[in-house]
Amino acid sequence: MKKIFLSLLALSAMTGASVKAQRVCGSADHYQEMLHTDPLFKHNHDQIELQTQYYQAHPEAKVRALKTIPVVVHVVYNTATQNVSDAQILSQIDVLNKDFRKLNTDWSNTPLAFQALVADCEVEFCLAKQDPNGNPSTGIVRKSTTVTSFGTNDAVKKNAQGGDDAWNASKYLNLWVCNLSGGVLGYAQFPGGPAATDGVVITHTGFGTTGTAAAPFNKGRTATHEVGHWLNLYHIWGDDGAGCSGSDLVGDTPNQADENYGCPSFPAVSCSNGPNGDMFMNYMDYTDDACMFMFSAGQKARMDALFATGGSKASLLTSLGCTVPNPTACGTPSGLSAGSITTSGATITWGAVTGASSYNVQYKLASASIWTNTTSSTTSKALTGLSASSVYNVQVQAVCTSGSSAYSSILSFTTSGAPTCSNNYEANNTRNTATSISLNTSVTSMIGTSSDKDYFKIVTLSSAPKLKITLGTLPFDYDLKLYNSAGSLLATSQNGSTLSETITYNSASTGATYYIYVYGYGGAYSNTQCYTLSTQTSATNLKLEQAEITESKASITIYPSPASNKINVEFFAASNQEVILNLYSPLGQKLNSQRIPTTDGLNTASFDVANFSNGIYILEMIDNEEKKTQKFVIQK
């Protein structure tokens, strides 16, 4: 986390002594702010982390491939000095290419103990040769502003706030250069955030190797560090203060107490990580530019995952941003066909047009006069939200650097008929209006609008109180929760996409009332497709589903967030274990500890935090297999 050195600065002002500049990165604070204010970012980032873990666990799926990323540099300046030169920009691109390809000559300064881990990350960068519309470009956009300095609130990324709007983040790395306030050298948005603010911001005095770049941050490593965050790398010490319990989620970087400044001597031992100590020469530490010169193989693997199939930055690999636009004529698409037709959607495909950078697609009900417009960067487009048993018309237009083609001939197709649910059980939008359903049966129902919520009521059997609830045949991303009769949340299942949801609850009481809550994530719904809700009971403990086991190894749930008086902890475990829960202060001091005998399924615990000060705390869970940590915030 960034450090503030007000007392040292005050002393310097009084005595005339100089204080050596120290690196201040705003990415960790920006990341925490987004986690607590943007639920969609947290959901997306969690999914990216699961995909990263899967990629790292399946080495057979890894493909050695060079990734070339088009870069647009937005120079947002208030004074002529801040309007950095083309030469300064080119020096920064050169440093990025050397650092991410292990072509920097100073990598050989890595201590021998770590040299085998130094990685060629196989990532290259080019200044964009064409803009998102296919027009020729230098990859540099200059914007004069009346704003004298910017903070880390993303204003520099917005034209309306004195900055400059981002280019298409799925095709370009947006890199803003400006005058940052508060001593911050730069900050980046981690993967999973909004496209409109995706990218990296660097202050002009820490950018490149010439011009306004000032020692000790004049070797371009601030951008290397921040692009590392943009490619899903955390600070090497795990941002836990000096607690030795944080993690950067990379296996080959030593556990480290906190950040290093300046140019430490090897070895710099902390957290009992001797004899080799901290990997302070890693780009993700806080040392001076001249003293950081490596990424590790484990960090490279995290970056690679973003570009694998399904990775959040895979679309950059198909960008034409590094290609000089070809002003050839644009042909009209042909060979349109419709497939994967359902009650509410269809996938349209067509033949590729030479020179096309994208395609415009328009569709409408055959009986309508107004078209709905959308775009595609490939030769297919999935249309959703269609009406059942209806005839639709669709046309496609190619977009080239020389202009757009005519629209293709009209293709017509008919959507499938809508299924009939056994019962929609409306109105059951609240717990007080929940519909009673029988155990050990399946029902079908529908989330018919963005505000529709379905509550169901069950009463456990005295002979078989253990519960298993399954939500399947999902048209979109639906989630599942279980409450007791008092309305307290007992368990949650929140798999992504259309994966089935399962709750196994072995702590149910006999003859007790419970409520099942079914809802669409982010307002997802379908008024044409049904879901299936099944309940199962047992006299003995039910085994966890594989998805629940995977979830148990992936996370600990802590709520409320932020907390004030009490935190509740949820985790999955097998029966007949003993789990240790330790609570640590921001400085790593153990504040409380509990030993929890577990049951098979969801387990809960709570801590009284009423007397704790505001801040970021750490919960550690130790079972017979592994140790896991989770941060949480206390705010009063």
# chains A, B, ... in the order shown; residues from 1 in each chain; ligands from 1

call {"tool": "residues_around", "arguments": {"residues": "Cys263 of chain A", "least_positions_apart": "6", "cutoff": "12 Å", "atoms": "only C-alpha atoms", "output": "ChimeraX atom specification"}}
result
/A:20,22-23,216,279-282,285-293

call {"tool": "residues_around", "arguments": {"residues": "segment 422-427 of chain A", "least_positions_apart": "6", "cutoff": "7 Å", "atoms": "only C-alpha atoms", "output": "ChimeraX atom specification"}}
result
/A:433,435,443-446

call {"tool": "write_last_selection", "arguments": {"atoms": "C-alpha atoms", "output": "JSON list (two decimals), in the first residue's frame"}}
result
[["chain", "number", "residue", "atom", "x", "y", "z"],
["A", 433, "THR", "CA", -45.52, -14.16, -0.10],
["A", 435, "THR", "CA", -44.98, -20.24, -2.34],
["A", 443, "VAL", "CA", -40.83, -27.45, -9.98],
["A", 444, "THR", "CA", -40.40, -25.22, -13.01],
["A", 445, "SER", "CA", -40.90, -21.49, -12.96],
["A", 446, "MET", "CA", -39.72, -18.31, -14.65]]

call {"tool": "residues_around", "arguments": {"residues": "Leu591 of chain A", "least_positions_apart": "6", "cutoff": "12 Å", "atoms": "only C-alpha atoms", "output": "PyMOL selection string"}}
result
chain A and resi 581-585+607-609+611-612+617-620

call {"tool": "select_by_dssp", "arguments": {"residues": "segment 368-435 of chain A", "states": "strand (DSSP E or B)", "output": "list of chain:residue names"}}
result
A:Thr372, A:Asn373, A:Thr374, A:Thr375, A:Ser376, A:Ser380, A:Lys381, A:Ala382, A:Leu383, A:Val391, A:Tyr392, A:Asn393, A:Val394, A:Gln395, A:Val396, A:Gln397, A:Ala398, A:Val399, A:Cys400, A:Gly403, A:Ser404, A:Leu411, A:Ser412, A:Phe413, A:Thr414, A:Thr435

call {"tool": "write_last_selection", "arguments": {"atoms": "C-alpha atoms", "output": "PDB file, in the first residue's frame"}}
result
ATOM      1  CA  THR A 372     -31.999  -2.678 -34.126  1.00  0.00           C
ATOM      2  CA  ASN A 373     -28.275  -2.075 -34.725  1.00  0.00           C
ATOM      3  CA  THR A 374     -25.277  -3.868 -33.236  1.00  0.00           C
ATOM      4  CA  THR A 375     -21.685  -4.690 -34.235  1.00  0.00           C
ATOM      5  CA  SER A 376     -19.327  -7.661 -34.408  1.00  0.00           C
ATOM      6  CA  SER A 380     -20.788 -14.130 -36.411  1.00  0.00           C
ATOM      7  CA  LYS A 381     -23.191 -12.428 -34.019  1.00  0.00           C
ATOM      8  CA  ALA A 382     -25.380 -13.906 -31.286  1.00  0.00           C
ATOM      9  CA  LEU A 383     -28.737 -12.134 -31.157  1.00  0.00           C
ATOM     10  CA  VAL A 391     -40.077 -14.118 -37.875  1.00  0.00           C
ATOM     11  CA  TYR A 392     -36.978 -11.868 -37.930  1.00  0.00           C
ATOM     12  CA  ASN A 393     -35.034 -10.144 -40.720  1.00  0.00           C
ATOM     13  CA  VAL A 394     -31.263  -9.531 -40.503  1.00  0.00           C
ATOM     14  CA  GLN A 395     -28.640  -7.791 -42.691  1.00  0.00           C
ATOM     15  CA  VAL A 396     -24.854  -7.362 -42.360  1.00  0.00           C
ATOM     16  CA  GLN A 397     -22.531  -4.560 -43.522  1.00  0.00           C
ATOM     17  CA  ALA A 398     -18.696  -4.709 -43.666  1.00  0.00           C
ATOM     18  CA  VAL A 399     -16.606  -1.863 -42.186  1.00  0.00           C
ATOM     19  CA  CYS A 400     -13.209  -1.221 -43.828  1.00  0.00           C
ATOM     20  CA  GLY A 403     -15.421   2.990 -45.800  1.00  0.00           C
ATOM     21  CA  SER A 404     -18.398   0.708 -45.305  1.00  0.00           C
ATOM     22  CA  LEU A 411     -31.941 -13.212 -44.250  1.00  0.00           C
ATOM     23  CA  SER A 412     -35.193 -14.309 -42.539  1.00  0.00           C
ATOM     24  CA  PHE A 413     -35.497 -16.862 -39.730  1.00  0.00           C
ATOM     25  CA  THR A 414     -38.134 -17.897 -37.163  1.00  0.00           C
ATOM     26  CA  THR A 435     -44.985 -20.243  -2.335  1.00  0.00           C
TER      27      THR A 435
END

call {"tool": "residues_around", "arguments": {"residues": "Gly151 of chain A", "least_positions_apart": "5", "cutoff": "8 Å", "atoms": "only C-alpha atoms", "output": "JSON, numbers by chain"}}
result
{"A": [180, 181, 182]}

call {"tool": "write_last_selection", "arguments": {"atoms": "N, CA and C atoms", "output": "PDB file, in the first residue's frame"}}
result
ATOM      1  N   LEU A 180       0.076  13.935 -12.239  1.00  0.00           N
ATOM      2  CA  LEU A 180      -0.632  13.306 -11.120  1.00  0.00           C
ATOM      3  C   LEU A 180      -0.269  14.011  -9.818  1.00  0.00           C
ATOM      4  N   SER A 181      -1.256  14.162  -8.941  1.00  0.00           N
ATOM      5  CA  SER A 181      -1.040  14.847  -7.664  1.00  0.00           C
ATOM      6  C   SER A 181      -0.696  13.854  -6.558  1.00  0.00           C
ATOM      7  N   GLY A 182      -0.310  14.387  -5.399  1.00  0.00           N
ATOM      8  CA  GLY A 182      -0.090  13.576  -4.206  1.00  0.00           C
ATOM      9  C   GLY A 182       1.147  12.707  -4.246  1.00  0.00           C
TER      10      GLY A 182
END

call {"tool": "select_by_dssp", "arguments": {"residues": "segment 17-62 of chain A", "states": "alpha helix (DSSP H)", "output": "NGL selection string"}}
result
:A and (27-37 or 39-57)

call {"tool": "residues_around", "arguments": {"residues": "Val201 of chain A", "least_positions_apart": "3", "cutoff": "10 Å", "atoms": "only C-alpha atoms", "output": "tab-separated table (two decimals) with N, CA and C atoms, in the first residue's frame"}}
result
chain	number	residue	atom	x	y	z
A	26	GLY	N	-0.62	4.04	-6.97
A	26	GLY	CA	-2.02	4.18	-6.55
A	26	GLY	C	-2.89	2.99	-6.90
A	27	SER	N	-2.32	1.92	-7.49
A	27	SER	CA	-3.14	0.82	-7.99
A	27	SER	C	-3.84	0.05	-6.89
A	73	VAL	N	-1.45	6.33	-26.55
A	73	VAL	CA	-0.97	7.19	-25.46
A	73	VAL	C	-1.76	8.50	-25.50
A	74	HIS	N	-2.54	8.75	-24.44
A	74	HIS	CA	-3.30	9.99	-24.31
A	74	HIS	C	-2.46	10.97	-23.49
A	150	PHE	N	-4.27	15.77	-11.77
A	150	PHE	CA	-5.30	14.75	-11.64
A	150	PHE	C	-4.98	13.83	-10.45
A	151	GLY	N	-6.03	13.25	-9.88
A	151	GLY	CA	-5.88	12.24	-8.83
A	151	GLY	C	-6.08	10.85	-9.41
A	152	THR	N	-6.47	9.90	-8.54
A	152	THR	CA	-6.68	8.52	-8.97
A	152	THR	C	-8.16	8.18	-9.12
A	154	ASP	N	-9.96	8.62	-11.85
A	154	ASP	CA	-10.24	8.35	-13.26
A	154	ASP	C	-10.73	9.55	-14.05
A	156	VAL	N	-8.98	11.75	-15.48
A	156	VAL	CA	-8.12	11.92	-16.65
A	156	VAL	C	-8.58	11.06	-17.82
A	157	LYS	N	-9.43	10.08	-17.54
A	157	LYS	CA	-9.90	9.17	-18.58
A	157	LYS	C	-11.22	9.61	-19.20
A	174	ASN	N	-4.98	1.51	-23.27
A	174	ASN	CA	-5.03	2.96	-23.11
A	174	ASN	C	-4.03	3.37	-22.04
A	175	LEU	N	-3.11	4.26	-22.40
A	175	LEU	CA	-2.08	4.73	-21.47
A	175	LEU	C	-2.15	6.26	-21.42
A	176	TRP	N	-2.55	6.78	-20.27
A	176	TRP	CA	-2.66	8.23	-20.10
A	176	TRP	C	-1.40	8.78	-19.43
A	177	VAL	N	-0.89	9.92	-19.95
A	177	VAL	CA	0.24	10.63	-19.35
A	177	VAL	C	-0.26	12.01	-18.96
A	178	CYS	N	-0.05	12.37	-17.70
A	178	CYS	CA	-0.58	13.65	-17.21
A	178	CYS	C	0.24	14.09	-15.99
A	179	ASN	N	-0.22	15.12	-15.32
A	179	ASN	CA	0.39	15.55	-14.05
A	179	ASN	C	-0.45	14.98	-12.92
A	180	LEU	N	0.08	13.93	-12.24
A	180	LEU	CA	-0.63	13.31	-11.12
A	180	LEU	C	-0.27	14.01	-9.82
A	185	LEU	N	3.06	8.13	-8.64
A	185	LEU	CA	3.73	7.98	-9.93
A	185	LEU	C	2.80	7.41	-10.99
A	186	GLY	N	1.87	6.56	-10.59
A	186	GLY	CA	0.96	5.96	-11.56
A	186	GLY	C	-0.04	5.05	-10.90
A	187	TYR	N	-1.04	4.64	-11.66
A	187	TYR	CA	-1.98	3.62	-11.19
A	187	TYR	C	-2.61	2.93	-12.39
A	188	ALA	N	-3.10	1.73	-12.15
A	188	ALA	CA	-3.69	0.92	-13.22
A	188	ALA	C	-5.01	0.35	-12.76
A	189	GLN	N	-5.87	0.04	-13.70
A	189	GLN	CA	-7.12	-0.67	-13.40
A	189	GLN	C	-6.90	-2.16	-13.62
A	198	ASP	N	-10.62	1.49	-18.47
A	198	ASP	CA	-9.59	0.45	-18.53
A	198	ASP	C	-8.27	1.05	-19.02
A	204	HIS	N	3.86	12.47	-15.76
A	204	HIS	CA	4.82	12.75	-16.83
A	204	HIS	C	6.27	12.72	-16.35
A	207	PHE	N	7.68	8.98	-16.60
A	207	PHE	CA	7.32	8.34	-17.87
A	207	PHE	C	8.51	8.37	-18.82
A	222	THR	N	8.20	2.72	-14.03
A	222	THR	CA	6.87	2.96	-13.46
A	222	THR	C	5.80	2.38	-14.38
A	223	ALA	N	5.93	2.60	-15.69
A	223	ALA	CA	4.96	2.03	-16.63
A	223	ALA	C	5.05	0.51	-16.63
A	226	GLU	N	3.10	-0.58	-13.57
A	226	GLU	CA	1.65	-0.39	-13.67
A	226	GLU	C	1.02	-1.28	-14.73
A	227	VAL	N	1.72	-1.51	-15.84
A	227	VAL	CA	1.20	-2.45	-16.84
A	227	VAL	C	1.15	-3.85	-16.25

call {"tool": "closest_residue", "arguments": {"among": "A:Ser91, A:Asn159, A:Ser389, A:Ser312", "to": "Asn44 of chain A", "atoms": "only C-alpha atoms"}}
result
A:Ser312

call {"tool": "residues_around", "arguments": {"residues": "segment 234-238 of chain A", "least_positions_apart": "3", "cutoff": "7 Å", "atoms": "only C-alpha atoms", "output": "PyMOL selection string"}}
result
chain A and resi 229+246-248+255-259+284-285

call {"tool": "atom_distance", "arguments": {"atom1": "atom CA of Glu33 of chain A", "atom2": "atom CA of Thr492 of chain A"}}
result
24.3 Å

call {"tool": "residues_around", "arguments": {"residues": "Gln88 of chain A", "least_positions_apart": "3", "cutoff": "7 Å", "atoms": "only C-alpha atoms", "output": "PDB file with C-alpha atoms, in the first residue's frame"}}
result
ATOM      1  CA  VAL A  84       5.715  15.183 -23.390  1.00  0.00           C
ATOM      2  CA  SER A  85       7.518  14.750 -26.704  1.00  0.00           C
ATOM      3  CA  SER A  91      11.471   5.728 -25.104  1.00  0.00           C
ATOM      4  CA  GLN A  92       8.714   4.378 -22.847  1.00  0.00           C
ATOM      5  CA  GLY A 208       9.990   7.127 -20.286  1.00  0.00           C
ATOM      6  CA  THR A 209      13.732   7.786 -20.077  1.00  0.00           C
ATOM      7  CA  THR A 210      14.107  11.312 -21.432  1.00  0.00           C
ATOM      8  CA  GLY A 211      12.377  14.694 -21.458  1.00  0.00           C
TER       9      GLY A 211
END

call {"tool": "closest_atom_pairs", "arguments": {"of": "segment 283-336 of chain A", "to": "segment 349-362 of chain A", "cutoff": "12 Å", "atoms": "only C-alpha atoms", "output": "tab-separated table"}}
result
residue	atom	partner	partner_atom	distance
A:Thr318	CA	A:Ser357	CA	9.9
A:Ser319	CA	A:Ser357	CA	8.7
A:Leu320	CA	A:Ser357	CA	7.2
A:Gly321	CA	A:Ser357	CA	9.9
A:Thr323	CA	A:Ser357	CA	10.6
A:Val324	CA	A:Gly355	CA	11.3
A:Pro325	CA	A:Gly355	CA	8.6
A:Asn326	CA	A:Gly355	CA	6.9
A:Pro327	CA	A:Gly355	CA	8.2
A:Thr328	CA	A:Gly355	CA	6.9
A:Ala329	CA	A:Gly355	CA	7.9
A:Cys330	CA	A:Gly355	CA	6.7
A:Gly331	CA	A:Val353	CA	5.9
A:Thr332	CA	A:Val353	CA	7.1
A:Pro333	CA	A:Val353	CA	6.1
A:Ser334	CA	A:Gly351	CA	5.8
A:Gly335	CA	A:Trp350	CA	5.1
A:Leu336	CA	A:Trp350	CA	4.4

call {"tool": "write_last_selection", "arguments": {"atoms": "N, CA and C atoms", "output": "PDB file, in the first residue's frame"}}
result
ATOM      1  N   THR A 318      -6.685 -10.207 -31.433  1.00  0.00           N
ATOM      2  CA  THR A 318      -7.289 -10.064 -32.761  1.00  0.00           C
ATOM      3  C   THR A 318      -7.386  -8.604 -33.193  1.00  0.00           C
ATOM      4  N   SER A 319      -6.806  -7.707 -32.397  1.00  0.00           N
ATOM      5  CA  SER A 319      -6.861  -6.292 -32.735  1.00  0.00           C
ATOM      6  C   SER A 319      -6.031  -5.999 -33.990  1.00  0.00           C
ATOM      7  N   LEU A 320      -6.524  -5.105 -34.803  1.00  0.00           N
ATOM      8  CA  LEU A 320      -5.787  -4.641 -35.980  1.00  0.00           C
ATOM      9  C   LEU A 320      -5.040  -3.342 -35.689  1.00  0.00           C
ATOM     10  N   GLY A 321      -4.959  -2.971 -34.409  1.00  0.00           N
ATOM     11  CA  GLY A 321      -4.369  -1.694 -34.041  1.00  0.00           C
ATOM     12  C   GLY A 321      -2.930  -1.523 -34.471  1.00  0.00           C
ATOM     13  N   THR A 323      -1.665  -2.765 -37.225  1.00  0.00           N
ATOM     14  CA  THR A 323      -1.606  -2.963 -38.672  1.00  0.00           C
ATOM     15  C   THR A 323      -1.868  -1.650 -39.399  1.00  0.00           C
ATOM     16  N   VAL A 324      -1.030  -1.346 -40.372  1.00  0.00           N
ATOM     17  CA  VAL A 324      -1.259  -0.159 -41.192  1.00  0.00           C
ATOM     18  C   VAL A 324      -2.541  -0.380 -41.990  1.00  0.00           C
ATOM     19  N   PRO A 325      -3.500   0.542 -41.929  1.00  0.00           N
ATOM     20  CA  PRO A 325      -4.776   0.324 -42.621  1.00  0.00           C
ATOM     21  C   PRO A 325      -4.598   0.228 -44.125  1.00  0.00           C
ATOM     22  N   ASN A 326      -5.377  -0.655 -44.725  1.00  0.00           N
ATOM     23  CA  ASN A 326      -5.332  -0.887 -46.169  1.00  0.00           C
ATOM     24  C   ASN A 326      -6.555  -0.245 -46.812  1.00  0.00           C
ATOM     25  N   PRO A 327      -6.343   0.776 -47.632  1.00  0.00           N
ATOM     26  CA  PRO A 327      -7.487   1.501 -48.186  1.00  0.00           C
ATOM     27  C   PRO A 327      -8.131   0.810 -49.385  1.00  0.00           C
ATOM     28  N   THR A 328      -8.272  -0.521 -49.340  1.00  0.00           N
ATOM     29  CA  THR A 328      -8.912  -1.222 -50.449  1.00  0.00           C
ATOM     30  C   THR A 328     -10.422  -1.120 -50.321  1.00  0.00           C
ATOM     31  N   ALA A 329     -11.111  -1.395 -51.429  1.00  0.00           N
ATOM     32  CA  ALA A 329     -12.571  -1.336 -51.446  1.00  0.00           C
ATOM     33  C   ALA A 329     -13.144  -2.388 -50.505  1.00  0.00           C
ATOM     34  N   CYS A 330     -14.318  -2.094 -49.972  1.00  0.00           N
ATOM     35  CA  CYS A 330     -14.946  -2.977 -48.980  1.00  0.00           C
ATOM     36  C   CYS A 330     -16.075  -3.766 -49.640  1.00  0.00           C
ATOM     37  N   GLY A 331     -15.946  -5.100 -49.654  1.00  0.00           N
ATOM     38  CA  GLY A 331     -16.972  -5.933 -50.272  1.00  0.00           C
ATOM     39  C   GLY A 331     -18.185  -6.103 -49.386  1.00  0.00           C
ATOM     40  N   THR A 332     -19.296  -6.509 -49.984  1.00  0.00           N
ATOM     41  CA  THR A 332     -20.551  -6.729 -49.255  1.00  0.00           C
ATOM     42  C   THR A 332     -20.590  -8.156 -48.707  1.00  0.00           C
ATOM     43  N   PRO A 333     -20.913  -8.348 -47.444  1.00  0.00           N
ATOM     44  CA  PRO A 333     -20.975  -9.705 -46.881  1.00  0.00           C
ATOM     45  C   PRO A 333     -21.989 -10.581 -47.610  1.00  0.00           C
ATOM     46  N   SER A 334     -21.695 -11.861 -47.673  1.00  0.00           N
ATOM     47  CA  SER A 334     -22.597 -12.830 -48.309  1.00  0.00           C
ATOM     48  C   SER A 334     -22.577 -14.120 -47.512  1.00  0.00           C
ATOM     49  N   GLY A 335     -23.431 -15.050 -47.898  1.00  0.00           N
ATOM     50  CA  GLY A 335     -23.472 -16.358 -47.227  1.00  0.00           C
ATOM     51  C   GLY A 335     -24.072 -16.312 -45.841  1.00  0.00           C
ATOM     52  N   LEU A 336     -25.048 -15.412 -45.600  1.00  0.00           N
ATOM     53  CA  LEU A 336     -25.663 -15.316 -44.269  1.00  0.00           C
ATOM     54  C   LEU A 336     -26.449 -16.579 -43.956  1.00  0.00           C
TER      55      LEU A 336
END
